[in-house]
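Written out below as structure tokens is the structure these notes cover.
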Number of protein chains: 4
Amino acid sequence: LVAHTLTISCADRRGIVAAVTTLLFNSGGNILEAQQFDDQASKHFFMRVVFELENDARDISMFQSAFEPLASQYGMKWNVRSNEDRRRVMLLVSKFDHCLGDLLYRHRIGELPMEIVGIISNHPKEALKLNLIGDIAYHHLPVSKDTKPQQEAAIRELIEASNTDLVVLARYMQVLSTEMCGYLSGFKGAGPYQQAHDRGVKVIGATAHFVTADLDEGPIICQDIEHVTHADTAQDFVRKGRDIERRVLARAVHYYLDDRILMNGDKTVIFNS
Amino acid sequence: LVAHTLTISCADRRGIVAAVTTLLFNSGGNILEAQQFDDQASKHFFMRVVFELENDARDISMFQSAFEPLASQYGMKWNVRSNEDRRRVMLLVSKFDHCLGDLLYRHRIGELPMEIVGIISNHPKEALKLNLIGDIAYHHLPVSKDTKPQQEAAIRELIEASNTDLVVLARYMQVLSTEMCGYLSGFKGAGPYQQAHDRGVKVIGATAHFVTADLDEGPIICQDIEHVTHADTAQDFVRKGRDIERRVLARAVHYYLDDRILMNGDKTVIFNS
Amino acid sequence: LVAHTLTISCADRRGIVAAVTTLLFNSGGNILEAQQFDDQASKHFFMRVVFELENDARDISMFQSAFEPLASQYGMKWNVRSNEDRRRVMLLVSKFDHCLGDLLYRHRIGELPMEIVGIISNHPKEALKLNLIGDIAYHHLPVSKDTKPQQEAAIRELIEASNTDLVVLARYMQVLSTEMCGYLSGFKGAGPYQQAHDRGVKVIGATAHFVTADLDEGPIICQDIEHVTHADTAQDFVRKGRDIERRVLARAVHYYLDDRILMNGDKTVIFNS
Amino acid sequence: LVAHTLTISCADRRGIVAAVTTLLFNSGGNILEAQQFDDQASKHFFMRVVFELENDARDISMFQSAFEPLASQYGMKWNVRSNEDRRRVMLLVSKFDHCLGDLLYRHRIGELPMEIVGIISNHPKEALKLNLIGDIAYHHLPVSKDTKPQQEAAIRELIEASNTDLVVLARYMQVLSTEMCGYLSGFKGAGPYQQAHDRGVKVIGATAHFVTADLDEGPIICQDIEHVTHADTAQDFVRKGRDIERRVLARAVHYYLDDRILMNGDKTVIFNS
């Protein structure tokens with residue numbers, strides 16, 4: 001059976017859950033999974049419901065029609081998506097390809113149910129250390145200081161033409177222009193280890209977050225760390241960092257593909273199992 | 001406002017969430033937190049709802065009366081409890097008191113909202129390394145091979161007389177008789193480190209679980225680990241173990257007091273925030 | 001048998017280890033544990049050796065006399081200490097006493113082999129949530145904006161009069177004056193969770209470090225983290241933070257008492273087993 | 001400059017470190033890294049030294065000749081190896097190739113300095129989900145119950161013909177015969193998650209260890225874990241398990257290639273930075 005995922009966010013009001021679940025029941029829905037969160041600070045309500053419908057194809061449009069008035073009444077931001085509608089994902093990569101390689105492998109073994117619409121890089125395909133790319137479209141868009149606006153326009157065009165849902169910056173090290181960032185709804189795994197080493201830290205971490213104009217300040221999706229010691233060189237920091245980065249980025253993509261990420265202002269609600 | 005926590009488990013059926021939340025809404029309830037889980041394997045449904053009622057005192061009995069028929073209809077095991085009704089907890093301790101001390105401190109600073117009805121030990125109060133006990137009733141019940149049945153009967157009497165909800169084996173190292181175990185609904189933090197050291201493990205862990213006749217085999221509540229190295233002596237294992245044990249046991253008690261633990265056969269469902 | 005711990009740091013040169021270990025051998029020493037580190041960046045050498053001597057009392061002064069010329073030759077900063085000479089530790093605490101309570105308990109069960117020379121607080125003993133203090137000297141030194149210089153002078157006097165080796169800021173929340181900081185050779189477990197929560201982080205951490213005039217910037221000794229979620233309130237951050245803080249601070253004190261911390265500029269070398 | 005790694009193990013005696021480091025000094029050696037461990041239980045001594053020589057090529061044989069009598073005197077098991085002599089590694093893989101893919105990628109980006117002499121599998125190359133294999137020799141050796149002895153003989157032949165130092169069972173799921181195991185000096189990343197799920201554990205782990213006739217009981221090299229919840233299906237356990245397995249196996253291989261693993265009876269000493 002096909003499953004559908006419904007995500008909702010709105011100002012908190014009494015009776016929302018009852019209204020939503022009753023409508024689902026009356027539409028022939030069977031709830032498989034449901035999570036909700038009331039942010040006591042912002043007085044906002046967040047919900048994620050995975051459900052099956054008895055007579056699938058017909059019911060989902062019926063359900064959508066039936067849900068529309070309820071959504072209006074509560075002022076909901078909402079979305080419903082069949083797990084058969086795969087998200088269309090564009091991967092941006094630069095010189096360091098460990099995150100890209102990891103995403104491609106996980107995709108290949110079925111861990112990340114997405115449609116990879118293409119790979120964009122400022123380096124040629126031959127510069128990469130991997131060859132899991134197969135017949136995925138590879139767009140080599142070199143960039144210099146002078147050609148940056150044109151290159152970003154070309155990236156944007158590819159994203160639009162491919163009907164991309166999500167852009168993943170799998171360690172795309174070029175700083176994107178403010179304008180470009182506003183446009184993207186992707187994320188990136190960060191990692192400046194030089195200063196961390198100079199500072200003598202005992203823990204290093206990576207963060208996957210949405211991209212905003214201020215590159216390192218978008219809403220955080222997930223974070224993880226590794227312990228380091230005085231004996232780890234800056235190069236060891238980089239090596240350990242690679243492991244955290246690809247783990248954290250893969251988890252973030254996984255959450256996105258599963259509709260587990262809801263926005264709560266400049267924070268995220270992650271409905272993690 | 002007073003909050004109530006409702007926990008439910010029953011065979012999975014379509015419409016449960018709608019029925020429960022609609023009844024809550026009609027009873028003047030405002031949901032603050034809700035979690036649910038459908039075990040696809042056992043086809044069982046689990047739910048935890050924290051809610052406020054508009055006119056508290058009267059409504060909770062009204063709510064209970066209204067909920068009873070619904071519970072019957074779905075064959076639910078259910079429980080509703082006000083967060084003002086503190087759980088009554090009996091602590092059992094033996095020679096090692098790091099878990100006891102930790103629970104007492106967390107209780108004292110308000111982290112664990114429970115009523116400690118007493119402490120039972122086979123050692124005298126003076127043998128303990130701590131003195132956070134204050135005016136909590138302390139029952140010294142020495143035990144020998146011969147007096148075990150009598151001592152266990154005395155423990156049982158204390159538990160019953162004190163209306164205890166939960167018995168926590170805070171490292172009570174005496175092996176309890178099968179009969180006794182069947183009676184207890186407590187848990188314990190385990191930790192045999194001797195063999196782990198001989199085996200040369202690189203990770204040690206502790207488990208908090210419910211106690212069954214087979215002491216180490218009750219449903220697991222939580223687990224955690226620490227890394228160890230070849231340079232750690234068996235004594236270091238014990239020292240690191242103490243830290244994991246008290247952390248894991250405190251977490252388990254915390255879950256219990258918050259009604260976050262539901263039983264799923266011989267496994268647990270933990271509705272952790 | 002008594003064990004001695006020798007710590008050394010100096011500019012790196014060929015033959016240091018041979019010279020040190022040969023001298024130890026000729027002095028009747030038996031090495032129990034030895035660690036060394038060559039910082040390739042700063043070209044500095046660090047070493048920690050734990051050893052026994054055949055004829056203890058006499059040999060240690062003989063060893064010291066014999067070591068002096070070697071130390072001069074290589075320009076070493078060095079120290080040798082018997083494990084029977086317990087470090088004298090002064091504990092500073094303010095309102096939050098979870099770190100203090102934890103250190104006192106670990107001390108009591110023999111985990112931290114130190115001499116606690118006293119506790120200094122700007123709050124009276126009765127304000128604390130614990131009573132493991134026993135007959136440890138407790139100095140209540142209240143402070144206001146106006147009396148800060150006098151209070152700090154009083155603290156300094158207590159530290160000097162008690163021959164203190166180490167001052168531990170067990171969450172002493174008063175900001176120390178620059179002058180005072182220069183004087184202290186203690187550390188503190190940090191923890192500002194308010195902003196972390198507003199920022200929506202998924203990981204919180206604590207750091208134990210030496211104190212410098214810039215309170216949060218001294219050389220780092222150890223760090224650890226806990227994962228948090230959107231459902232954790234600022235208060236949950238504080239609760240989880242307490243656990244990390246006391247764990248991290250206890251570990252840092254443990255390293256210090258074991259002579260495992262060597263300074264490498266504004267970084268630390270931690271010879272952890 | 002070329003670096004050499006010397007590893008030593010022998011019964012503990014006074015003066016070993018002095019003897020070894022003095023000989024190194026007299027041979028023109030400059031120590032870059034040194035670690036040692038005295039097992040108080042087994043009274044065995046373990047040491048690892050990384051050093052440079054002033055006049056490389058000639059000195060290493062001179063050093064070896066000079067070291068031989070010392071090694072005899074102390075009854076040492078010892079080995080010295082230049083970091084330019086890459087270990088020759090044979091990879092065995094079956095259906096699940098996440099560990100293999102991870103090792104190949106890390107090798108390709110220079111993280112694992114080894115010579116991969118070949119890949120052996122009971123499945124054809126086309127069955128694998130990756131294609132980082134490039135021109136590495138791939139040996140497809142199908143196996144059935146009847147042909148097991150012949151297949152193992154063929155594996156053994158390949159290992160011998162290729163002068164293999166290390167055989168890595170990168171999730172080679174075939175149970176090896178006792179005879180075969182005795183022969184191998186490889187390791188494997190384990191992972192049976194079915195029972196763990198049925199048992200309701202809250203933590204899953206993977207172990208990389210040397211292979212003995214009793215497949216899961218060889219000396220442990222490293223271990224790590226991930227937290228799981230009631231909501232994780234057996235399939236999620238497998239997915240999370242893959243991540244731990246490849247992380248743990250890569251770390252173990254890394255330790256091996258760096259001569260960081262010394263055997264201490266049926267335990268390991270891991271000289272980890």
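All residue names refer to the structure tokens as shown: chains lettered A, B, ... in order, residues numbered from 1 in each chain, ligands numbered from 1 in order.
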
Residue hits in chain B, query chain C, radius 9 Å, only C-alpha atoms, as a PDB file with C-alpha atoms, in the first residue's frame:
ATOM      1  CA  HIS B  98      26.718   6.091  44.018  1.00  0.00           C
ATOM      2  CA  GLY B 101      23.428   9.434  46.193  1.00  0.00           C
ATOM      3  CA  ASP B 102      22.789  10.573  42.660  1.00  0.00           C
ATOM      4  CA  TYR B 105      20.675  14.778  44.919  1.00  0.00           C
ATOM      5  CA  ARG B 106      18.554  14.985  41.764  1.00  0.00           C
ATOM      6  CA  ARG B 108      16.659  17.423  46.214  1.00  0.00           C
ATOM      7  CA  ILE B 109      17.241  19.928  43.420  1.00  0.00           C
ATOM      8  CA  GLU B 111      14.959  17.119  38.933  1.00  0.00           C
ATOM      9  CA  LYS B 129      29.349   7.232  51.948  1.00  0.00           C
ATOM     10  CA  LEU B 130      26.711   9.955  51.754  1.00  0.00           C
ATOM     11  CA  ASN B 131      24.416  11.875  54.041  1.00  0.00           C
ATOM     12  CA  LEU B 132      21.776  13.357  51.814  1.00  0.00           C
ATOM     13  CA  THR B 229      41.258   1.159  26.542  1.00  0.00           C
ATOM     14  CA  HIS B 230      43.860  -1.502  27.277  1.00  0.00           C
ATOM     15  CA  ALA B 231      45.332   0.880  29.846  1.00  0.00           C
ATOM     16  CA  ASP B 232      42.159   0.911  31.927  1.00  0.00           C
ATOM     17  CA  ARG B 239      35.002   3.814  38.189  1.00  0.00           C
ATOM     18  CA  ASP B 243      29.283   7.108  36.041  1.00  0.00           C
ATOM     19  CA  ARG B 247      23.380   8.363  34.586  1.00  0.00           C
ATOM     20  CA  SER B 273      11.052  14.040  24.203  1.00  0.00           C
TER      21      SER B 273
END

Residues within 6 Å of region 41-50 of chain A, only C-alpha atoms, excluding chain neighbours under 3 positions, as an MDAnalysis selection string: chainID A and resid 4:12 31:38

Create the file for the chosen residues now, containing all heavy atoms and written as a CSV table (one decimal), in the first residue's frame.
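Wrote it out as result16.csv, contents follow:
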chain,number,residue,atom,x,y,z
A,4,HIS,N,1.1,8.1,2.8
A,4,HIS,CA,1.2,9.5,2.6
A,4,HIS,C,1.7,10.2,3.8
A,4,HIS,O,1.4,9.7,4.9
A,4,HIS,CB,-0.2,10.0,2.2
A,4,HIS,CG,-0.8,9.4,1.0
A,4,HIS,ND1,-0.6,9.8,-0.3
A,4,HIS,CD2,-1.6,8.3,0.9
A,4,HIS,CE1,-1.2,9.1,-1.1
A,4,HIS,NE2,-1.9,8.1,-0.4
A,5,THR,N,2.5,11.2,3.6
A,5,THR,CA,2.9,12.0,4.8
A,5,THR,C,2.3,13.4,4.8
A,5,THR,O,2.5,14.1,3.8
A,5,THR,CB,4.5,12.0,4.8
A,5,THR,OG1,5.0,10.7,4.8
A,5,THR,CG2,4.9,12.7,6.1
A,6,LEU,N,1.6,13.7,5.9
A,6,LEU,CA,1.0,15.0,6.0
A,6,LEU,C,1.8,15.8,7.0
A,6,LEU,O,2.1,15.3,8.1
A,6,LEU,CB,-0.4,14.8,6.5
A,6,LEU,CG,-1.2,16.1,6.9
A,6,LEU,CD1,-1.5,17.0,5.8
A,6,LEU,CD2,-2.5,15.7,7.7
A,7,THR,N,2.3,17.0,6.7
A,7,THR,CA,2.9,17.9,7.7
A,7,THR,C,2.1,19.2,7.8
A,7,THR,O,1.6,19.7,6.8
A,7,THR,CB,4.4,18.2,7.3
A,7,THR,OG1,4.4,18.7,6.0
A,7,THR,CG2,5.3,17.0,7.4
A,8,ILE,N,2.0,19.6,9.1
A,8,ILE,CA,1.2,20.8,9.4
A,8,ILE,C,2.0,21.7,10.4
A,8,ILE,O,2.6,21.2,11.3
A,8,ILE,CB,-0.1,20.3,10.1
A,8,ILE,CG1,-1.0,19.5,9.2
A,8,ILE,CG2,-0.8,21.5,10.7
A,8,ILE,CD1,-2.1,18.7,10.0
A,9,SER,N,1.9,23.0,10.2
A,9,SER,CA,2.3,23.9,11.3
A,9,SER,C,1.3,25.1,11.3
A,9,SER,O,0.9,25.6,10.2
A,9,SER,CB,3.7,24.3,11.2
A,9,SER,OG,3.9,25.1,10.0
A,10,CYS,N,1.0,25.5,12.5
A,10,CYS,CA,0.1,26.7,12.6
A,10,CYS,C,0.1,27.2,14.1
A,10,CYS,O,0.7,26.5,14.9
A,10,CYS,CB,-1.4,26.3,12.3
A,10,CYS,SG,-2.0,24.9,13.3
A,11,ALA,N,-0.5,28.3,14.3
A,11,ALA,CA,-0.7,28.7,15.7
A,11,ALA,C,-1.4,27.7,16.5
A,11,ALA,O,-2.4,27.0,16.0
A,11,ALA,CB,-1.4,30.1,15.7
A,12,ASP,N,-1.0,27.5,17.7
A,12,ASP,CA,-1.6,26.4,18.6
A,12,ASP,C,-3.1,26.8,18.9
A,12,ASP,O,-3.4,27.9,19.3
A,12,ASP,CB,-0.8,26.2,19.8
A,12,ASP,CG,-1.2,24.9,20.5
A,12,ASP,OD1,-1.8,24.1,19.9
A,12,ASP,OD2,-0.8,24.7,21.7
A,31,ILE,N,-3.8,5.7,10.4
A,31,ILE,CA,-2.6,6.4,10.8
A,31,ILE,C,-1.5,5.3,11.1
A,31,ILE,O,-1.7,4.4,11.9
A,31,ILE,CB,-2.8,7.3,12.0
A,31,ILE,CG1,-3.8,8.4,11.7
A,31,ILE,CG2,-1.5,7.8,12.6
A,31,ILE,CD1,-4.1,9.3,12.8
A,32,LEU,N,-0.3,5.5,10.5
A,32,LEU,CA,0.8,4.5,10.8
A,32,LEU,C,1.8,5.1,11.8
A,32,LEU,O,2.4,4.4,12.5
A,32,LEU,CB,1.6,4.3,9.5
A,32,LEU,CG,0.7,3.6,8.3
A,32,LEU,CD1,1.6,3.5,7.1
A,32,LEU,CD2,0.2,2.2,8.8
A,33,GLU,N,1.9,6.4,11.7
A,33,GLU,CA,2.9,7.1,12.5
A,33,GLU,C,2.4,8.5,12.7
A,33,GLU,O,1.8,9.1,11.8
A,33,GLU,CB,4.2,7.2,11.7
A,33,GLU,CG,5.5,7.0,12.5
A,33,GLU,CD,6.7,7.2,11.6
A,33,GLU,OE1,6.8,6.4,10.6
A,33,GLU,OE2,7.5,8.0,11.9
A,34,ALA,N,2.5,9.1,13.9
A,34,ALA,CA,2.1,10.5,14.1
A,34,ALA,C,3.0,11.1,15.2
A,34,ALA,O,3.3,10.5,16.2
A,34,ALA,CB,0.7,10.6,14.5
A,35,GLN,N,3.4,12.3,14.9
A,35,GLN,CA,4.2,13.0,15.9
A,35,GLN,C,3.7,14.5,16.0
A,35,GLN,O,3.2,15.0,15.0
A,35,GLN,CB,5.7,13.1,15.6
A,35,GLN,CG,6.4,11.7,15.7
A,35,GLN,CD,7.1,11.4,14.4
A,35,GLN,OE1,6.6,11.6,13.3
A,35,GLN,NE2,8.3,10.8,14.6
A,36,GLN,N,3.7,15.1,17.1
A,36,GLN,CA,3.3,16.5,17.2
A,36,GLN,C,4.2,17.2,18.2
A,36,GLN,O,4.8,16.5,19.1
A,36,GLN,CB,1.8,16.6,17.6
A,36,GLN,CG,1.5,15.9,18.9
A,36,GLN,CD,0.0,16.1,19.1
A,36,GLN,OE1,-0.8,15.3,18.7
A,36,GLN,NE2,-0.4,17.2,19.8
A,37,PHE,N,4.2,18.5,18.2
A,37,PHE,CA,5.0,19.3,19.1
A,37,PHE,C,4.3,20.6,19.3
A,37,PHE,O,3.9,21.3,18.3
A,37,PHE,CB,6.4,19.4,18.6
A,37,PHE,CG,7.2,20.4,19.4
A,37,PHE,CD1,7.5,20.1,20.7
A,37,PHE,CD2,7.8,21.5,18.8
A,37,PHE,CE1,8.3,21.0,21.5
A,37,PHE,CE2,8.6,22.4,19.5
A,37,PHE,CZ,8.8,22.1,20.9
A,38,ASP,N,4.1,21.0,20.5
A,38,ASP,CA,3.6,22.3,20.8
A,38,ASP,C,4.7,23.1,21.4
A,38,ASP,O,5.3,22.8,22.5
A,38,ASP,CB,2.5,22.2,21.9
A,38,ASP,CG,1.3,21.5,21.4
A,38,ASP,OD1,1.3,20.2,21.5
A,38,ASP,OD2,0.4,22.1,20.9

Shell around Ser144 (chain A) at 12 Å using only C-alpha atoms, local window under 3 positions removed, as a list in words: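 My list of contacting residues is Asn122, His123, Leu141, Thr147, Lys148, Pro149, Gln150, Gln151, Glu152, Gln174 and Val175 of chain A.
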
Which of region 8-196 of chain C fall in strand (DSSP E), as a PyMOL selection string: chain C and resi 8-11+29-39+44-53+77-82+87-93+114-121+138-140+166-169+187-189

Who sits within 6 Å of Ala3 (chain A), only C-alpha atoms, same chain under 3 positions skipped, as a PyMOL selection string: chain A and resi 51-52+82-83

One-decimal distance in Å that lies between CA of Lys267 (chain A) and CA of Gly218 (chain A):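 Going from CA of Gly218 (chain A) over to CA of Lys267 (chain A), I get 8.3 Å.
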
Shell around region 248-251 of chain C at 12 Å using only C-alpha atoms, local window under 2 positions removed, as number ranges by chain: A: 202; B: 239-240, 243; C: 91, 98-107, 111-113, 168-171, 186-191, 205-210, 220-226, 241-246, 253-258, 260-261, 270, 272

Shell around Ile120 (chain C) at 8 Å using only C-alpha atoms, local window under 3 positions removed, as an MDAnalysis selection string: chainID C and resid 90:93 138:141 155

Between CA of Asn26 (chain A) and CA of Asn79 (chain B), distance in Å (one decimal):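 Taking CA of Asn26 (chain A) as the start and CA of Asn79 (chain B) as the end point, the length is 27.4 Å.
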